[in-house]
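Visitor: Pasting a structure below so you can have a look.
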Amino acid sequence: MEYLITDTRVGVAKQNFVVGQEHLPKEFPCNFDLQHKVLQGGKQAGTELITLKVGDLVLRVSPTRGMGIIDAQYKDVRLGWDSPVKEIVNPAFIELTKQGGLGWLEGFNELVVRCGYQWAGHPGEDGGEMLSLHGQIQNIPASVVRLNVDTSPPYRVRLSGRVDERCFKRAEFEVWMHLDILPGESAFTLTDELINRGAYAREFQVIYHNNFGSPLLEAGAQVEIPVAQISAFNKRAVEGLASWNLMPAPTLGFDEEVFNIRPLGDSQGDTLVMLKNASSQRAIALRFKLDQLPVFTLWKNTDTPEQGYVVGLEPGTSFAYNRRYQRDLGLVPQIGAGESRLFQQQFEILTNADAVQRVSTEIAQLQSQASPEVLSTPLVDLNS
């Protein structure tokens, strides 16, 4: 069953659209509800918001903000964070080049933020071009939005959007973004397909800025990931290398520490990372493929709650440096004319100690392949 919500090419733009349990086959195995609405007031005026409920899992997605996932809830576990940005900001009110390329921060409050696709990372000049923070895709509204529900087991629910990053003589990128949920599971999967519709090969970058606050993030929470190599992003983070995976309580003046990680994977190139709370009773496990997303950034922003107490688990094709630094690292890939690239992540919400221990054991088994290589100096000299 397919429900078209938006398609600019055929003039479809539904508002306040609803799909309920009564619209699905009677055999559908759990509660279901999709609510689409257009927000009003402040900087969120005109922003579309979709609330999708499948059983005990609830996700909020904004087509206006590049199909970004605002937050998620499974039973008593909330995924998301408390940003100083309280509204779901319409990109029409954001100037990305503001404040030296930091305008992106004026809308930053989501659980899942896509950074890319022409570039990602810190703002700055590259080859005479000024690049703003983390690219443009999160501030481009979707041109197509549709819901598909399979009518036979396992009754997969798929919310899809197409977001275009097009610029004359620069890029003709088409990105299909799919959010998949299987009824009854405490997990969801994101599968993005980047397609180069142009006649020339183009550089691209993507970082998935996945952001978590309380209740998972707290004093004593830990990040676990099988590490092949780890380094500090800059001199500020070098002092935090000894405790890179341990989360402190909110700390006035902490600001942030960032770490570059090359993960270990299994024989299929699959890997995972987990953020678990202090009691190891609740966690989020994030799985991804190293042939798609070969590097990982850990962003510890454990400042005050008012400033934003949050940690970022960020698989990507690149680290968070400006693009000009990453060619020498081999982290600015190209996509040929007519080619496509897939990027997939699975988010599994763990709600008991046994599930957390299961994932912790899996990570330990991957780590047993090799001891982590800890680099004492950052990969890039940002003062050069």
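We label chains A, B, ... in the order they appear in the structure tokens, count residues from 1 in each chain, and number ligands from 1 in the order shown.
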Return as a VMD selection string the full set of residues in segment 220-324 of chain A whose backbone-based DSSP assignment is strand (DSSP E or B).
Guide: chain A and resid 222 to 224 227 to 232 246 257 to 263 270 to 276 283 to 289 295 to 302 309 to 316
Visitor: Write out, as a compact mmCIF listing (two decimals), in the first residue's frame, the residues just selected, with N, CA and C atoms.
Guide:
# COMPACT_ATOMS: atom_id res chain seq x y z
N GLN A 222 28.81 5.14 28.90
CA GLN A 222 30.01 4.77 28.14
C GLN A 222 29.66 4.52 26.67
N VAL A 223 30.65 4.80 25.83
CA VAL A 223 30.59 4.43 24.42
C VAL A 223 31.50 3.23 24.21
N GLU A 224 31.00 2.23 23.51
CA GLU A 224 31.80 1.06 23.15
C GLU A 224 31.81 0.91 21.64
N VAL A 227 37.89 -0.55 18.01
CA VAL A 227 38.77 0.50 17.49
C VAL A 227 40.00 -0.10 16.83
N ALA A 228 40.20 0.23 15.57
CA ALA A 228 41.48 -0.07 14.92
C ALA A 228 42.47 1.06 15.19
N GLN A 229 41.99 2.30 15.07
CA GLN A 229 42.85 3.47 15.30
C GLN A 229 42.00 4.61 15.85
N ILE A 230 42.57 5.34 16.80
CA ILE A 230 41.89 6.50 17.36
C ILE A 230 42.88 7.64 17.50
N SER A 231 42.40 8.85 17.25
CA SER A 231 43.22 10.05 17.44
C SER A 231 42.31 11.19 17.87
N ALA A 232 42.91 12.18 18.48
CA ALA A 232 42.19 13.40 18.84
C ALA A 232 42.00 14.26 17.60
N LEU A 246 34.33 7.59 28.11
CA LEU A 246 33.61 7.77 29.37
C LEU A 246 32.91 9.12 29.37
N GLU A 257 34.86 17.75 23.02
CA GLU A 257 36.03 16.98 22.60
C GLU A 257 35.59 16.08 21.45
N VAL A 258 36.44 15.98 20.44
CA VAL A 258 36.11 15.19 19.25
C VAL A 258 37.24 14.21 18.99
N PHE A 259 36.85 12.97 18.63
CA PHE A 259 37.84 11.92 18.38
C PHE A 259 37.57 11.26 17.04
N ASN A 260 38.66 11.01 16.30
CA ASN A 260 38.61 10.32 15.01
C ASN A 260 38.87 8.84 15.23
N ILE A 261 37.99 7.99 14.73
CA ILE A 261 38.12 6.55 14.93
C ILE A 261 38.00 5.82 13.59
N ARG A 262 38.90 4.89 13.38
CA ARG A 262 38.75 3.91 12.30
C ARG A 262 38.35 2.60 12.96
N PRO A 263 37.09 2.17 12.75
CA PRO A 263 36.60 0.99 13.47
C PRO A 263 37.08 -0.31 12.84
N ASP A 270 31.00 -5.42 8.55
CA ASP A 270 29.99 -4.81 9.40
C ASP A 270 30.60 -4.45 10.74
N THR A 271 30.14 -3.33 11.30
CA THR A 271 30.62 -2.92 12.62
C THR A 271 29.48 -2.27 13.38
N LEU A 272 29.73 -1.88 14.62
CA LEU A 272 28.69 -1.28 15.44
C LEU A 272 29.32 -0.46 16.55
N VAL A 273 28.50 0.42 17.12
CA VAL A 273 28.89 1.24 18.27
C VAL A 273 27.70 1.26 19.22
N MET A 274 27.99 1.37 20.50
CA MET A 274 26.93 1.40 21.50
C MET A 274 27.18 2.52 22.50
N LEU A 275 26.12 3.24 22.83
CA LEU A 275 26.11 4.16 23.97
C LEU A 275 25.19 3.55 25.02
N LYS A 276 25.75 3.24 26.19
CA LYS A 276 24.96 2.64 27.26
C LYS A 276 24.95 3.56 28.47
N ALA A 283 20.43 1.25 26.33
CA ALA A 283 21.49 1.60 25.38
C ALA A 283 20.90 1.80 24.00
N ILE A 284 21.70 2.39 23.14
CA ILE A 284 21.44 2.44 21.71
C ILE A 284 22.61 1.77 21.01
N ALA A 285 22.30 0.82 20.14
CA ALA A 285 23.33 0.17 19.32
C ALA A 285 23.13 0.63 17.89
N LEU A 286 24.19 1.10 17.28
CA LEU A 286 24.17 1.62 15.92
C LEU A 286 25.07 0.76 15.06
N ARG A 287 24.48 0.15 14.02
CA ARG A 287 25.22 -0.73 13.12
C ARG A 287 25.37 -0.08 11.76
N PHE A 288 26.55 -0.26 11.14
CA PHE A 288 26.80 0.29 9.81
C PHE A 288 27.87 -0.53 9.12
N LYS A 289 28.09 -0.24 7.83
CA LYS A 289 29.00 -1.02 6.99
C LYS A 289 30.22 -0.18 6.63
N VAL A 295 34.75 5.56 8.35
CA VAL A 295 35.32 6.20 9.54
C VAL A 295 34.20 6.65 10.47
N PHE A 296 34.60 7.01 11.70
CA PHE A 296 33.63 7.32 12.75
C PHE A 296 34.15 8.49 13.56
N THR A 297 33.27 9.43 13.86
CA THR A 297 33.59 10.58 14.71
C THR A 297 32.79 10.48 15.99
N LEU A 298 33.47 10.60 17.12
CA LEU A 298 32.80 10.69 18.42
C LEU A 298 32.87 12.13 18.88
N TRP A 299 31.69 12.73 19.04
CA TRP A 299 31.57 14.13 19.48
C TRP A 299 31.04 14.16 20.89
N LYS A 300 31.89 14.55 21.84
CA LYS A 300 31.49 14.67 23.24
C LYS A 300 31.23 16.15 23.54
N ASN A 301 29.98 16.52 23.63
CA ASN A 301 29.61 17.89 23.97
C ASN A 301 28.91 17.85 25.34
N THR A 302 29.68 17.48 26.35
CA THR A 302 29.11 17.28 27.68
C THR A 302 29.21 18.55 28.52
N TYR A 309 23.76 19.26 26.36
CA TYR A 309 24.46 18.07 26.91
C TYR A 309 24.16 16.93 25.96
N VAL A 310 25.15 16.56 25.13
CA VAL A 310 24.86 15.66 24.01
C VAL A 310 26.15 14.98 23.55
N VAL A 311 25.99 13.75 23.07
CA VAL A 311 27.10 13.05 22.45
C VAL A 311 26.67 12.64 21.04
N GLY A 312 27.60 12.77 20.08
CA GLY A 312 27.32 12.41 18.70
C GLY A 312 28.05 11.14 18.31
N LEU A 313 27.30 10.17 17.78
CA LEU A 313 27.87 8.94 17.22
C LEU A 313 27.75 9.06 15.72
N GLU A 314 28.89 9.26 15.02
CA GLU A 314 28.85 9.80 13.67
C GLU A 314 29.67 8.98 12.66
N PRO A 315 29.07 7.94 12.09
CA PRO A 315 29.75 7.25 10.98
C PRO A 315 29.73 8.12 9.73
N GLY A 316 30.76 7.99 8.90
CA GLY A 316 30.80 8.82 7.71
C GLY A 316 31.83 8.35 6.70
Visitor: Considering only C-alpha atoms, return as number ranges by chain whatever protein or nucleic-acid residues lie within 9 Å of segment 204-217 of chain A, sequence-local ones (same chain, fewer than 3 positions apart) excluded.
Guide: A: 77-82, 109-121, 134-135, 220-222, 247-249, 275-278, 282-284, 293, 296-297, 299, 302, 308-320, 323, 331-335
Visitor: Return as a Markdown table the residues of segment 310-358 of chain A lying at most 7 Å from segment 177-192 of chain A, together with the closest atom-to-atom pair for each and the distance in Å to one decimal, counting only C-alpha atoms, with rows in chain order and ascending residue number.
Guide:
| residue | atom | partner | partner_atom | distance |
| --- | --- | --- | --- | --- |
| A:Leu342 | CA | A:Asp192 | CA | 5.7 |
| A:Phe343 | CA | A:Asp192 | CA | 5.2 |
| A:Gln344 | CA | A:Thr191 | CA | 4.4 |
| A:Gln345 | CA | A:Leu190 | CA | 5.2 |
| A:Gln346 | CA | A:Thr189 | CA | 4.3 |
| A:Phe347 | CA | A:Phe188 | CA | 5.4 |
| A:Glu348 | CA | A:Ala187 | CA | 4.3 |
| A:Ile349 | CA | A:Ser186 | CA | 5.5 |
Visitor: Would you save the residues from that selection as a PDB file, in the first residue's frame, using C-alpha atoms?
Guide:
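Writing done, so here's result-v2.pdb:
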ATOM      1  CA  LEU A 342      24.247   3.326  -0.580  1.00  0.00           C
ATOM      2  CA  PHE A 343      24.576   4.259   3.105  1.00  0.00           C
ATOM      3  CA  GLN A 344      22.765   2.172   5.699  1.00  0.00           C
ATOM      4  CA  GLN A 345      22.453   2.416   9.467  1.00  0.00           C
ATOM      5  CA  GLN A 346      20.414   0.370  11.908  1.00  0.00           C
ATOM      6  CA  PHE A 347      19.410   1.808  15.286  1.00  0.00           C
ATOM      7  CA  GLU A 348      18.533  -0.812  17.915  1.00  0.00           C
ATOM      8  CA  ILE A 349      17.099   0.382  21.240  1.00  0.00           C
TER       9      ILE A 349
END
Visitor: Any idea what the distance is between atom CA of Ser368 of chain A and atom CA of Gln268 of chain A?
Guide: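 We find that atom CA of Ser368 of chain A and atom CA of Gln268 of chain A lie 16.3 Å from each other.
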Visitor: How many Å lie between atom CA of Ala142 of chain A and atom CA of Tyr74 of chain A, rounded to one decimal?
Guide: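 Atom-to-atom, atom CA of Ala142 of chain A to atom CA of Tyr74 of chain A, that is 26.0 Å.
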Visitor: Lys86 of chain A: which residues within 12 Å, counting only C-alpha atoms, same-chain residues fewer than 6 positions away excluded, as an MDAnalysis selection string?
Guide: chainID A and resid 42:44 70 106:110 306 308
Visitor: What separation in Å, quoted to one decimal, exists between atom CA of Val85 of chain A and atom CA of Val38 of chain A?
Guide: 18.5 Å
Visitor: My list of candidates is A:Arg324, A:Lys75, A:Ser376, A:Glu22. Which is closest to Gly127 of chain A when distances are computed with only C-alpha atoms?
Guide: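 Counting only C-alpha atoms, the residue closest to Gly127 of chain A is A:Arg324.
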Visitor: Which residues are close to Arg236 of chain A, i.e. within 10 Å by only C-alpha atoms, leaving aside same-chain residues fewer than 2 positions away? Reply as a list of chain:residue names.
Guide: A:Ala232, A:Phe233, A:Asn234, A:Val238, A:Glu239, A:Gly240, A:Glu256, A:Glu257, A:Val258, A:Pro378
Visitor: Write a file of the selected residues as a PDB file, in the first residue's frame, keeping N, CA, C and O atoms.
Guide:
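result_32.pdb, written as the output of this step:
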ATOM      1  N   ALA A 232      42.914  12.179  18.479  1.00  0.00           N
ATOM      2  CA  ALA A 232      42.186  13.397  18.841  1.00  0.00           C
ATOM      3  C   ALA A 232      42.001  14.257  17.599  1.00  0.00           C
ATOM      4  O   ALA A 232      42.879  14.335  16.739  1.00  0.00           O
ATOM      5  N   PHE A 233      40.856  14.912  17.518  1.00  0.00           N
ATOM      6  CA  PHE A 233      40.572  15.780  16.381  1.00  0.00           C
ATOM      7  C   PHE A 233      41.511  16.985  16.361  1.00  0.00           C
ATOM      8  O   PHE A 233      41.964  17.415  15.305  1.00  0.00           O
ATOM      9  N   ASN A 234      41.789  17.531  17.552  1.00  0.00           N
ATOM     10  CA  ASN A 234      42.644  18.717  17.661  1.00  0.00           C
ATOM     11  C   ASN A 234      43.390  18.667  18.989  1.00  0.00           C
ATOM     12  O   ASN A 234      43.249  17.720  19.780  1.00  0.00           O
ATOM     13  N   VAL A 238      43.323  16.154  22.788  1.00  0.00           N
ATOM     14  CA  VAL A 238      44.422  15.249  23.147  1.00  0.00           C
ATOM     15  C   VAL A 238      44.372  14.908  24.627  1.00  0.00           C
ATOM     16  O   VAL A 238      44.568  13.749  25.025  1.00  0.00           O
ATOM     17  N   GLU A 239      44.066  15.893  25.450  1.00  0.00           N
ATOM     18  CA  GLU A 239      44.037  15.663  26.897  1.00  0.00           C
ATOM     19  C   GLU A 239      42.910  14.717  27.307  1.00  0.00           C
ATOM     20  O   GLU A 239      42.934  14.155  28.409  1.00  0.00           O
ATOM     21  N   GLY A 240      41.933  14.509  26.439  1.00  0.00           N
ATOM     22  CA  GLY A 240      40.819  13.628  26.759  1.00  0.00           C
ATOM     23  C   GLY A 240      40.959  12.221  26.208  1.00  0.00           C
ATOM     24  O   GLY A 240      40.052  11.395  26.387  1.00  0.00           O
ATOM     25  N   GLU A 256      33.609  20.956  24.093  1.00  0.00           N
ATOM     26  CA  GLU A 256      33.511  19.711  23.351  1.00  0.00           C
ATOM     27  C   GLU A 256      34.882  19.070  23.193  1.00  0.00           C
ATOM     28  O   GLU A 256      35.917  19.741  23.234  1.00  0.00           O
ATOM     29  N   GLU A 257      34.862  17.749  23.022  1.00  0.00           N
ATOM     30  CA  GLU A 257      36.028  16.977  22.601  1.00  0.00           C
ATOM     31  C   GLU A 257      35.587  16.080  21.454  1.00  0.00           C
ATOM     32  O   GLU A 257      34.509  15.491  21.508  1.00  0.00           O
ATOM     33  N   VAL A 258      36.436  15.977  20.438  1.00  0.00           N
ATOM     34  CA  VAL A 258      36.106  15.191  19.250  1.00  0.00           C
ATOM     35  C   VAL A 258      37.239  14.209  18.987  1.00  0.00           C
ATOM     36  O   VAL A 258      38.423  14.564  19.072  1.00  0.00           O
ATOM     37  N   PRO A 378      47.062  14.794  16.569  1.00  0.00           N
ATOM     38  CA  PRO A 378      45.937  14.812  15.618  1.00  0.00           C
ATOM     39  C   PRO A 378      46.375  14.508  14.189  1.00  0.00           C
ATOM     40  O   PRO A 378      47.541  14.730  13.824  1.00  0.00           O
TER      41      PRO A 378
END
Visitor: Let me make sure I understand: among A:Phe28, A:Trp176, A:Phe93, A:Phe17, which one has the smallest atom-to-atom distance to Leu52 of chain A if we use only C-alpha atoms?
Guide: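 Going through A:Phe28, A:Trp176, A:Phe93, A:Phe17 one by one, the smallest distance to Leu52 of chain A is for A:Phe17.
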Visitor: Please return as a list in words: the residues of segment 24-88 of chain A that backbone DSSP assigns to helix (DSSP H, G or I).
Guide: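 For segment 24-88 of chain A, the helix (DSSP H, G or I) set is Gly42, Lys43, Gln44, Pro63, Thr64 and Arg65 of chain A.
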Visitor: A:Arg65, A:Arg202, A:Arg170, A:Arg9: which is nearest Ser143 of chain A, counting only C-alpha atoms?
Guide: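 Ranking A:Arg65, A:Arg202, A:Arg170, A:Arg9 by distance to Ser143 of chain A, first place goes to A:Arg9.
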Visitor: With only C-alpha atoms as the basis for distance, which of A:Val380, A:Ala72, A:Val149, A:Leu131 is at the shortest distance from Leu4 of chain A?
Guide: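 The shortest atom-to-atom distance to Leu4 of chain A comes from A:Val149.
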Visitor: As JSON, numbers by chain, please: the residues near Asn148 of chain A (cut-off 10 Å, only C-alpha atoms, same-chain neighbours under 2 positions excluded).
Guide: {"A": [1, 2, 3, 4, 146, 150, 151, 155, 156, 157, 158, 159, 160, 180]}
